[in-house]
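Visitor: This is final_5.txt (compact mmCIF, C-alpha atoms and all ligand atoms).
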# COMPACT_ATOMS: atom_id res chain seq x y z
CA MET E 36 14.56 6.42 4.17
CA LYS E 37 12.29 5.89 7.18
CA ILE E 38 9.49 3.36 6.62
CA GLU E 39 6.79 3.45 9.27
CA VAL E 40 4.14 0.75 9.18
CA LEU E 41 1.11 2.56 10.60
CA GLY E 42 -1.10 -0.32 9.51
CA CYS E 43 -0.49 -3.64 7.75
CA SER E 44 -3.40 -5.88 8.70
CA GLY E 45 -5.69 -7.65 6.27
CA GLY E 46 -8.59 -6.92 8.62
CA MET E 47 -9.70 -5.30 11.85
CA GLY E 48 -9.56 -6.06 15.58
CA SER E 49 -7.77 -4.92 18.72
CA GLY E 50 -4.32 -3.60 17.69
CA GLU E 51 -5.04 -4.34 14.02
CA TYR E 52 -4.92 -1.45 11.55
CA THR E 53 -5.29 -1.69 7.78
CA THR E 54 -2.62 -0.72 5.29
CA CYS E 55 -0.95 2.65 5.67
CA ILE E 56 2.81 3.10 5.30
CA ARG E 57 4.47 6.44 6.00
CA ILE E 58 7.75 7.08 4.23
CA ASP E 59 9.73 9.90 5.83
CA GLU E 60 7.41 12.74 6.85
CA HIS E 61 5.60 13.62 3.65
CA LEU E 62 4.53 10.49 1.85
CA LEU E 63 1.95 7.78 2.48
CA ILE E 64 1.33 4.54 0.67
CA ASP E 65 -2.36 3.74 1.16
CA ALA E 66 -4.74 5.33 3.60
CA GLY E 67 -6.15 2.47 5.65
CA SER E 68 -7.11 2.73 9.31
CA GLY E 69 -3.43 2.92 10.38
CA LEU E 70 -3.52 6.53 9.17
CA GLY E 71 -5.73 7.37 12.17
CA LYS E 72 -2.70 7.02 14.46
CA LEU E 73 -1.05 10.20 13.14
CA SER E 74 -1.22 13.41 15.15
CA GLN E 75 -2.77 16.51 13.59
CA ASN E 76 0.74 17.95 12.99
CA ASP E 77 1.88 14.72 11.35
CA MET E 78 -1.21 14.80 9.11
CA LEU E 79 -0.45 18.38 8.11
CA ALA E 80 2.99 17.27 6.88
CA ILE E 81 1.54 14.72 4.42
CA LYS E 82 1.99 15.99 0.85
CA GLN E 83 1.35 12.87 -1.24
CA VAL E 84 -0.79 9.76 -0.79
CA PHE E 85 0.03 6.93 -3.21
CA LEU E 86 -2.80 4.39 -3.39
CA THR E 87 -2.37 0.77 -4.45
CA HIS E 88 -6.07 0.30 -5.26
CA ALA E 89 -9.54 1.44 -4.29
CA HIS E 90 -10.55 -1.30 -1.85
CA LEU E 91 -11.98 0.11 1.35
CA ASP E 92 -9.27 -1.21 3.69
CA HIS E 93 -6.71 0.82 1.69
CA ILE E 94 -8.61 4.10 1.32
CA CYS E 95 -10.99 4.29 4.29
CA PHE E 96 -9.17 7.08 6.18
CA LEU E 97 -8.41 9.27 3.15
CA PRO E 98 -11.75 11.14 3.31
CA LEU E 99 -11.24 11.78 7.04
CA LEU E 100 -7.65 12.97 6.50
CA LEU E 101 -8.83 15.55 3.98
CA ASP E 102 -11.58 16.77 6.28
CA ASN E 103 -9.01 17.19 9.09
CA LEU E 104 -6.79 19.27 6.80
CA PHE E 105 -9.60 21.26 5.21
CA GLU E 106 -8.96 25.04 5.54
CA LEU E 107 -5.49 24.44 7.08
CA LEU E 108 -3.43 23.57 4.02
CA GLU E 109 -1.50 25.98 1.81
CA SER E 110 -1.15 23.46 -0.99
CA PRO E 111 -3.33 20.45 -1.85
CA VAL E 112 -2.63 16.87 -0.84
CA GLU E 113 -1.82 14.93 -4.00
CA VAL E 114 -3.57 11.58 -4.32
CA LEU E 115 -1.64 9.45 -6.79
CA ALA E 116 -2.94 6.19 -8.21
CA LEU E 117 -3.84 4.32 -11.37
CA PRO E 118 -6.54 6.17 -13.39
CA GLU E 119 -9.07 3.41 -12.59
CA THR E 120 -8.51 3.87 -8.85
CA LEU E 121 -8.92 7.65 -9.10
CA GLU E 122 -12.14 7.15 -11.04
CA VAL E 123 -13.56 5.02 -8.22
CA LEU E 124 -12.71 7.76 -5.72
CA ARG E 125 -14.36 10.42 -7.88
CA GLU E 126 -17.47 8.40 -8.62
CA HIS E 127 -18.07 6.51 -5.39
CA ILE E 128 -16.37 8.39 -2.53
CA PHE E 129 -15.90 12.11 -3.21
CA ASN E 130 -19.30 12.38 -4.90
CA TRP E 131 -21.10 14.68 -2.38
CA GLN E 132 -23.16 11.71 -1.17
CA VAL E 133 -20.62 9.47 0.55
CA TRP E 134 -18.29 12.44 1.15
CA PRO E 135 -17.89 16.02 -0.15
CA ASP E 136 -15.89 16.54 -3.33
CA PHE E 137 -12.69 17.87 -1.80
CA SER E 138 -11.18 18.33 -5.26
CA VAL E 139 -13.22 21.56 -5.46
CA LEU E 140 -13.18 22.50 -1.76
CA PRO E 141 -12.69 24.89 -0.06
CA ASP E 142 -12.28 26.55 -3.43
CA LYS E 143 -11.96 24.96 -6.86
CA HIS E 144 -8.81 27.02 -7.55
CA GLN E 145 -7.16 25.97 -4.27
CA PRO E 146 -8.62 22.58 -3.35
CA VAL E 147 -7.49 20.32 -0.55
CA LEU E 148 -7.33 17.28 -2.89
CA CYS E 149 -5.53 16.99 -6.19
CA TYR E 150 -5.79 13.77 -8.25
CA ARG E 151 -2.67 12.62 -10.08
CA PRO E 152 -2.87 9.58 -12.40
CA LEU E 153 0.07 7.16 -12.52
CA SER E 154 1.23 4.62 -15.09
CA VAL E 155 2.85 1.33 -14.20
CA SER E 156 6.66 1.45 -14.50
CA THR E 157 6.74 5.23 -15.03
CA PRO E 158 8.85 6.79 -12.26
CA LEU E 159 7.62 9.79 -10.35
CA GLN E 160 10.17 12.03 -8.66
CA THR E 161 9.28 13.56 -5.28
CA VAL E 162 11.58 15.94 -3.39
CA ASP E 163 13.89 13.17 -2.22
CA LEU E 164 12.45 9.86 -3.45
CA THR E 165 11.72 8.12 -6.74
CA VAL E 166 8.43 6.22 -6.71
CA ILE E 167 7.74 3.66 -9.43
CA PRO E 168 4.33 1.95 -9.65
CA MET E 169 4.77 -1.81 -10.07
CA PRO E 170 2.13 -4.11 -11.55
CA ALA E 171 -0.08 -6.19 -9.26
CA SER E 172 -2.70 -8.81 -10.01
CA HIS E 173 -5.73 -8.24 -7.80
CA ALA E 174 -9.53 -8.38 -7.96
CA VAL E 175 -9.62 -4.71 -9.03
CA PRO E 176 -7.03 -2.59 -10.88
CA ALA E 177 -4.08 -2.38 -8.50
CA CYS E 178 -0.38 -1.68 -8.30
CA GLY E 179 2.51 -2.01 -5.90
CA TYR E 180 5.33 0.49 -5.45
CA ARG E 181 9.09 0.56 -5.68
CA VAL E 182 10.54 3.46 -3.70
CA VAL E 183 14.17 4.48 -4.22
CA SER E 184 16.00 6.86 -1.86
CA THR E 185 18.62 9.40 -2.97
CA GLU E 186 21.25 6.97 -1.64
CA GLY E 187 19.87 4.30 -3.99
CA LYS E 188 18.22 2.13 -1.32
CA VAL E 189 15.18 0.27 -2.64
CA PHE E 190 11.96 -0.50 -0.78
CA CYS E 191 9.40 -2.61 -2.66
CA PHE E 192 5.78 -3.04 -1.60
CA SER E 193 3.74 -5.64 -3.48
CA GLY E 194 0.34 -4.19 -2.57
CA ASP E 195 -2.48 -6.72 -2.72
CA THR E 196 -1.58 -9.29 -5.35
CA SER E 197 -1.85 -12.88 -6.40
CA TYR E 198 0.96 -14.77 -8.11
CA ASP E 199 1.33 -13.62 -11.70
CA ALA E 200 4.21 -14.25 -14.10
CA SER E 201 4.10 -10.75 -15.60
CA VAL E 202 4.19 -9.15 -12.14
CA LEU E 203 7.22 -11.26 -11.33
CA GLN E 204 8.89 -10.37 -14.62
CA THR E 205 8.61 -6.65 -13.84
CA PHE E 206 10.07 -7.21 -10.36
CA ASN E 207 12.99 -9.09 -11.93
CA GLN E 208 13.58 -6.42 -14.57
CA ALA E 209 13.62 -3.68 -11.93
CA GLY E 210 16.79 -4.93 -10.19
CA PRO E 211 17.86 -5.52 -6.59
CA ILE E 212 15.60 -4.83 -3.62
CA ASN E 213 16.86 -3.90 -0.15
CA MET E 214 13.55 -4.44 1.60
CA LEU E 215 10.53 -6.28 0.22
CA MET E 216 7.08 -6.12 1.77
CA LEU E 217 5.00 -8.95 0.35
CA GLU E 218 1.42 -9.85 1.11
CA CYS E 219 0.10 -13.21 2.30
CA ALA E 220 -3.55 -13.00 3.23
CA PHE E 221 -4.80 -16.57 3.60
CA PRO E 222 -3.57 -20.00 4.72
CA GLU E 223 -3.32 -22.83 2.19
CA ARG E 224 -6.66 -24.43 3.16
CA LEU E 225 -8.38 -21.19 2.02
CA LYS E 226 -6.74 -21.20 -1.41
CA THR E 227 -10.13 -21.05 -3.13
CA VAL E 228 -11.07 -17.74 -1.53
CA ALA E 229 -7.46 -16.53 -1.97
CA ASP E 230 -7.75 -17.26 -5.70
CA GLN E 231 -11.19 -15.64 -5.93
CA SER E 232 -10.07 -12.50 -4.10
CA LYS E 233 -6.60 -12.60 -5.75
CA HIS E 234 -4.33 -12.84 -2.76
CA LEU E 235 -1.28 -14.95 -2.00
CA THR E 236 -1.22 -18.06 0.16
CA PRO E 237 2.11 -19.35 1.55
CA GLN E 238 2.67 -21.55 -1.53
CA GLY E 239 2.00 -18.61 -3.86
CA LEU E 240 4.41 -16.46 -1.87
CA LYS E 241 7.02 -19.23 -2.08
CA GLN E 242 6.57 -19.42 -5.85
CA PHE E 243 6.99 -15.64 -6.07
CA LEU E 244 10.10 -15.51 -3.87
CA LEU E 245 11.86 -18.49 -5.43
CA GLN E 246 11.46 -16.96 -8.87
CA LEU E 247 12.90 -13.62 -7.86
CA GLU E 248 16.31 -13.45 -9.54
CA GLN E 249 17.75 -11.36 -6.69
CA PRO E 250 15.69 -12.23 -3.61
CA PRO E 251 16.26 -9.86 -0.68
CA GLU E 252 17.69 -11.24 2.55
CA ASN E 253 14.69 -10.02 4.53
CA VAL E 254 11.05 -10.16 3.53
CA LEU E 255 8.32 -8.45 5.52
CA ILE E 256 5.00 -10.30 5.39
CA THR E 257 1.94 -8.08 5.30
CA HIS E 258 -1.87 -8.15 4.94
CA LEU E 259 -2.38 -11.30 7.03
CA LYS E 260 -6.08 -11.79 7.72
CA PRO E 261 -6.28 -11.54 11.53
CA ALA E 262 -8.29 -14.74 12.03
CA PHE E 263 -5.59 -16.79 10.27
CA ARG E 264 -2.41 -15.02 11.40
CA LYS E 265 -0.94 -17.93 13.38
CA GLU E 266 -1.85 -20.49 10.75
CA ILE E 267 -0.26 -18.44 7.94
CA CYS E 268 2.89 -17.72 9.99
CA ASP E 269 3.29 -21.44 10.87
CA GLU E 270 2.83 -22.49 7.24
CA LEU E 271 5.33 -19.91 6.00
CA THR E 272 7.89 -20.87 8.67
CA ASP E 273 7.57 -24.55 7.72
CA LEU E 274 8.44 -23.70 4.11
CA LYS E 275 12.03 -22.87 5.21
CA LEU E 276 12.47 -20.22 2.53
CA PRO E 277 15.95 -18.82 1.82
CA SER E 278 14.93 -15.26 2.82
CA THR E 279 14.36 -14.41 6.47
CA LEU E 280 10.65 -13.75 6.95
CA HIS E 281 9.39 -11.13 9.36
CA PHE E 282 5.69 -11.14 10.17
CA LEU E 283 4.77 -7.48 10.29
CA SER E 284 2.73 -5.83 13.01
CA SER E 285 1.22 -2.37 12.87
CA GLY E 286 3.50 0.20 14.52
CA GLU E 287 6.88 -1.11 13.35
CA THR E 288 9.48 1.24 11.85
CA PHE E 289 12.40 0.40 9.55
CA PHE E 290 15.29 2.45 8.19
CA LEU E 291 16.97 1.96 4.81
N1 LIG J 301 -15.14 -13.73 -4.28
C1 LIG J 301 -14.49 -12.79 -3.60
N2 LIG J 301 -13.85 -11.80 -4.29
C2 LIG J 301 -13.21 -10.83 -3.63
N3 LIG J 301 -13.11 -10.76 -2.27
C3 LIG J 301 -13.70 -11.73 -1.55
C4 LIG J 301 -14.42 -12.78 -2.17
N4 LIG J 301 -14.89 -13.58 -1.21
C5 LIG J 301 -14.50 -13.06 -0.03
N5 LIG J 301 -13.78 -11.94 -0.21
C6 LIG J 301 -13.20 -11.13 0.87
O1 LIG J 301 -13.43 -9.73 0.63
C7 LIG J 301 -12.22 -9.07 0.94
C8 LIG J 301 -12.01 -7.72 0.31
O2 LIG J 301 -10.74 -7.23 0.71
P1 LIG J 301 -9.46 -8.14 0.53
O3 LIG J 301 -9.07 -8.13 -0.90
O4 LIG J 301 -8.46 -7.73 1.55
O5 LIG J 301 -9.90 -9.61 0.93
C9 LIG J 301 -11.15 -10.03 0.44
C10 LIG J 301 -11.67 -11.33 0.98
O6 LIG J 301 -11.33 -11.49 2.34
Please re-express this file's structure in structure tokens.
Ligand SMILES: Nc1ncnc2c1ncn2[C@@H]1O[C@@H]2COP(=O)(O)O[C@H]2[C@H]1O

Guide:
Amino acid sequence: MKIEVLGCSGGMGSGEYTTCIRIDEHLLIDAGSGLGKLSQNDMLAIKQVFLTHAHLDHICFLPLLLDNLFELLESPVEVLALPETLEVLREHIFNWQVWPDFSVLPDKHQPVLCYRPLSVSTPLQTVDLTVIPMPASHAVPACGYRVVSTEGKVFCFSGDTSYDASVLQTFNQAGPINMLMLECAFPERLKTVADQSKHLTPQGLKQFLLQLEQPPENVLITHLKPAFRKEICDELTDLKLPSTLHFLSSGETFFL
């Protein structure tokens, strides 16, 4: 399984792109501004876009992707997410006012966009991967994803989440993880805003990791807010956690 981090930032700025992870050639998790780095041919190969939630930094390039592919595709791009997330897209994005309703274009019988609702913990089989939505605890309905390759390698992405015992319980029930991508958006001194916006601080991340029954050797830290990147990295390093932490940058690729 090839995991390409097109974007992983919690904000914007030079070299900063918001969440978009490409897995192999056909699948995306989230459609943040990192998606804009793909070539037209790469975009044409995308078959499924799994969304963690409807916040702008995770969906902002989906409308533009569909416009790029409009009239070129033989089969629709599937957009897979929790029903609440799909409802936000229908009502607030693809509503003819913010953007055309690509679920009926260019033709309602052969549209460029096809919505597919997901349920937490219910696996979805793609051609060569199993994708299982994992619970998340965020300011809006949200999920993370567990992606399993045909060889049984497991990539877990927390999505945007705060610490939550039931989220942790599901992670523990799901079994071992080869690669975990976990968010940490704010430093400790901004815990109030982290709690309000339901993100992890270093202490929350520590709590999460230490309670994982089978913590992975390597943890990739994502969704750092650009203004606080150094502060968060320093705080996490000082915690001396048992897993090796890697502070993700947009553009990195991993193989499992
Ligand atoms: N009370 C709040 N609730 C939610 N988001 C907030 C709040 N205050 C500030 N924010 C910011 O709004 C951002 C929306 O996207 P994020 O969840 O990445 O991070 C959030 C915070 O940086």

Visitor: Taking all atoms listed in the file into account, which of E:Glu223, E:Asp77, E:Asp230, E:Glu248 comes nearest Asn207 of chain E?

Guide: E:Glu248

Visitor: Which centre and which edge lengths, in Å to one decimal, describe the axis-aligned box that holds all listed atoms of ligand LIG 301 (chain J) after 8 Å is added on each side, as lines of an AutoDock Vina configuration file?

Guide:
center_x = -11.8
center_y = -10.5
center_z = -1.0
size_x = 22.7
size_y = 22.5
size_z = 22.6

Visitor: Kindly provide, as a tab-separated table (two decimals) with C-alpha atoms, in the frame of the given file, all nucleotide and amino acid residues lying within 12 Å of ligand LIG 301 (chain J), counting all atoms listed in the file.

Guide:
chain	number	residue	atom	x	y	z
E	43	CYS	CA	-0.49	-3.64	7.75
E	44	SER	CA	-3.40	-5.88	8.70
E	45	GLY	CA	-5.69	-7.65	6.27
E	46	GLY	CA	-8.59	-6.92	8.62
E	47	MET	CA	-9.70	-5.30	11.85
E	53	THR	CA	-5.29	-1.69	7.78
E	54	THR	CA	-2.62	-0.72	5.29
E	67	GLY	CA	-6.15	2.47	5.65
E	87	THR	CA	-2.37	0.77	-4.45
E	88	HIS	CA	-6.07	0.30	-5.26
E	89	ALA	CA	-9.54	1.44	-4.29
E	90	HIS	CA	-10.55	-1.30	-1.85
E	91	LEU	CA	-11.98	0.11	1.35
E	92	ASP	CA	-9.27	-1.21	3.69
E	93	HIS	CA	-6.71	0.82	1.69
E	94	ILE	CA	-8.61	4.10	1.32
E	172	SER	CA	-2.70	-8.81	-10.01
E	173	HIS	CA	-5.73	-8.24	-7.80
E	174	ALA	CA	-9.53	-8.38	-7.96
E	175	VAL	CA	-9.62	-4.71	-9.03
E	176	PRO	CA	-7.03	-2.59	-10.88
E	177	ALA	CA	-4.08	-2.38	-8.50
E	194	GLY	CA	0.34	-4.19	-2.57
E	195	ASP	CA	-2.48	-6.72	-2.72
E	196	THR	CA	-1.58	-9.29	-5.35
E	197	SER	CA	-1.85	-12.88	-6.40
E	218	GLU	CA	1.42	-9.85	1.11
E	219	CYS	CA	0.10	-13.21	2.30
E	220	ALA	CA	-3.55	-13.00	3.23
E	221	PHE	CA	-4.80	-16.57	3.60
E	222	PRO	CA	-3.57	-20.00	4.72
E	225	LEU	CA	-8.38	-21.19	2.02
E	226	LYS	CA	-6.74	-21.20	-1.41
E	227	THR	CA	-10.13	-21.05	-3.13
E	228	VAL	CA	-11.07	-17.74	-1.53
E	229	ALA	CA	-7.46	-16.53	-1.97
E	230	ASP	CA	-7.75	-17.26	-5.70
E	231	GLN	CA	-11.19	-15.64	-5.93
E	232	SER	CA	-10.07	-12.50	-4.10
E	233	LYS	CA	-6.60	-12.60	-5.75
E	234	HIS	CA	-4.33	-12.84	-2.76
E	235	LEU	CA	-1.28	-14.95	-2.00
E	257	THR	CA	1.94	-8.08	5.30
E	258	HIS	CA	-1.87	-8.15	4.94
E	259	LEU	CA	-2.38	-11.30	7.03
E	260	LYS	CA	-6.08	-11.79	7.72
E	261	PRO	CA	-6.28	-11.54	11.53
E	262	ALA	CA	-8.29	-14.74	12.03
E	263	PHE	CA	-5.59	-16.79	10.27

Visitor: Neighbours of Val182 of chain E within 10 Å (all atoms listed in the file; same-chain residues fewer than 6 positions away dropped), as a list of chain:residue names?

Guide: E:Met36, E:Ile58, E:Pro158, E:Leu159, E:Gln160, E:Leu164, E:Thr165, E:Val166, E:Ile167, E:Pro168, E:Lys188, E:Val189, E:Phe190, E:Cys191, E:Phe192, E:Ile212, E:Met214

Visitor: Would you kindly identify which residues have an atom no farther than 9 Å from (-1.6, 22.7, 4.0), using all atoms listed in the file and the file's own coordinates, and write them out as a compact mmCIF listing (two decimals) with C-alpha atoms, in the frame of the given file?

Guide:
# COMPACT_ATOMS: atom_id res chain seq x y z
CA LEU E 79 -0.45 18.38 8.11
CA ALA E 80 2.99 17.27 6.88
CA ILE E 81 1.54 14.72 4.42
CA LYS E 82 1.99 15.99 0.85
CA LEU E 104 -6.79 19.27 6.80
CA PHE E 105 -9.60 21.26 5.21
CA GLU E 106 -8.96 25.04 5.54
CA LEU E 107 -5.49 24.44 7.08
CA LEU E 108 -3.43 23.57 4.02
CA GLU E 109 -1.50 25.98 1.81
CA SER E 110 -1.15 23.46 -0.99
CA PRO E 111 -3.33 20.45 -1.85
CA VAL E 112 -2.63 16.87 -0.84
CA VAL E 147 -7.49 20.32 -0.55

Visitor: Go through E:Ile128, E:Leu117, E:Val123, E:Val139 one by one, measure the shortest atom-to-atom distance of each to Met169 of chain E using only C-alpha atoms, and give the residue with the smallest value.

Guide: E:Leu117

Visitor: Identify which of the residues E:Asn213, E:Ser154, E:Asn103, E:Gln204 lies closest to Gly71 of chain E, counting only C-alpha atoms when measuring atom-to-atom distances.

Guide: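 Counting only C-alpha atoms, the residue closest to Gly71 of chain E is E:Asn103.
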
Visitor: Find the residues with any atom within 12 Å of (-0.4, 2.9, 9.1); use only C-alpha atoms and the coordinates as given in the file, and write the answer as a ChimeraX atom specification.

Guide: /E:38-44,50-58,62-73,78,92-97,257-258,283-288

Visitor: Report the distance between atom CA of Ala200 of chain E and atom CA of Met216 of chain E in Å, rounded to one decimal place.

Guide: 18.1 Å

Visitor: Counting only C-alpha atoms, figure out which residue out of E:Pro211, E:Leu244, E:Val84, E:Pro237 gets nearest to Arg264 of chain E.

Guide: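 Closest candidate: E:Pro237.
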
Visitor: I need the residue nearest Glu122 of chain E from this list: E:Arg151, E:Asp163, E:Asn76, E:Leu203. Use all atoms listed in the file for the distance.

Guide: E:Arg151

Visitor: Would you mind reading off the distance between atom CA of Asn253 of chain E and atom CA of Leu280 of chain E, one decimal, in Å?

Guide: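 According to the coordinates, atom CA of Asn253 of chain E and atom CA of Leu280 of chain E are separated by 6.0 Å.
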
Visitor: Please compute the atom CA of Lys241 of chain E-atom CA of Ala171 of chain E distance, one decimal, in Å.

Guide: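 Atom CA of Ala171 of chain E lies 16.5 Å from atom CA of Lys241 of chain E.
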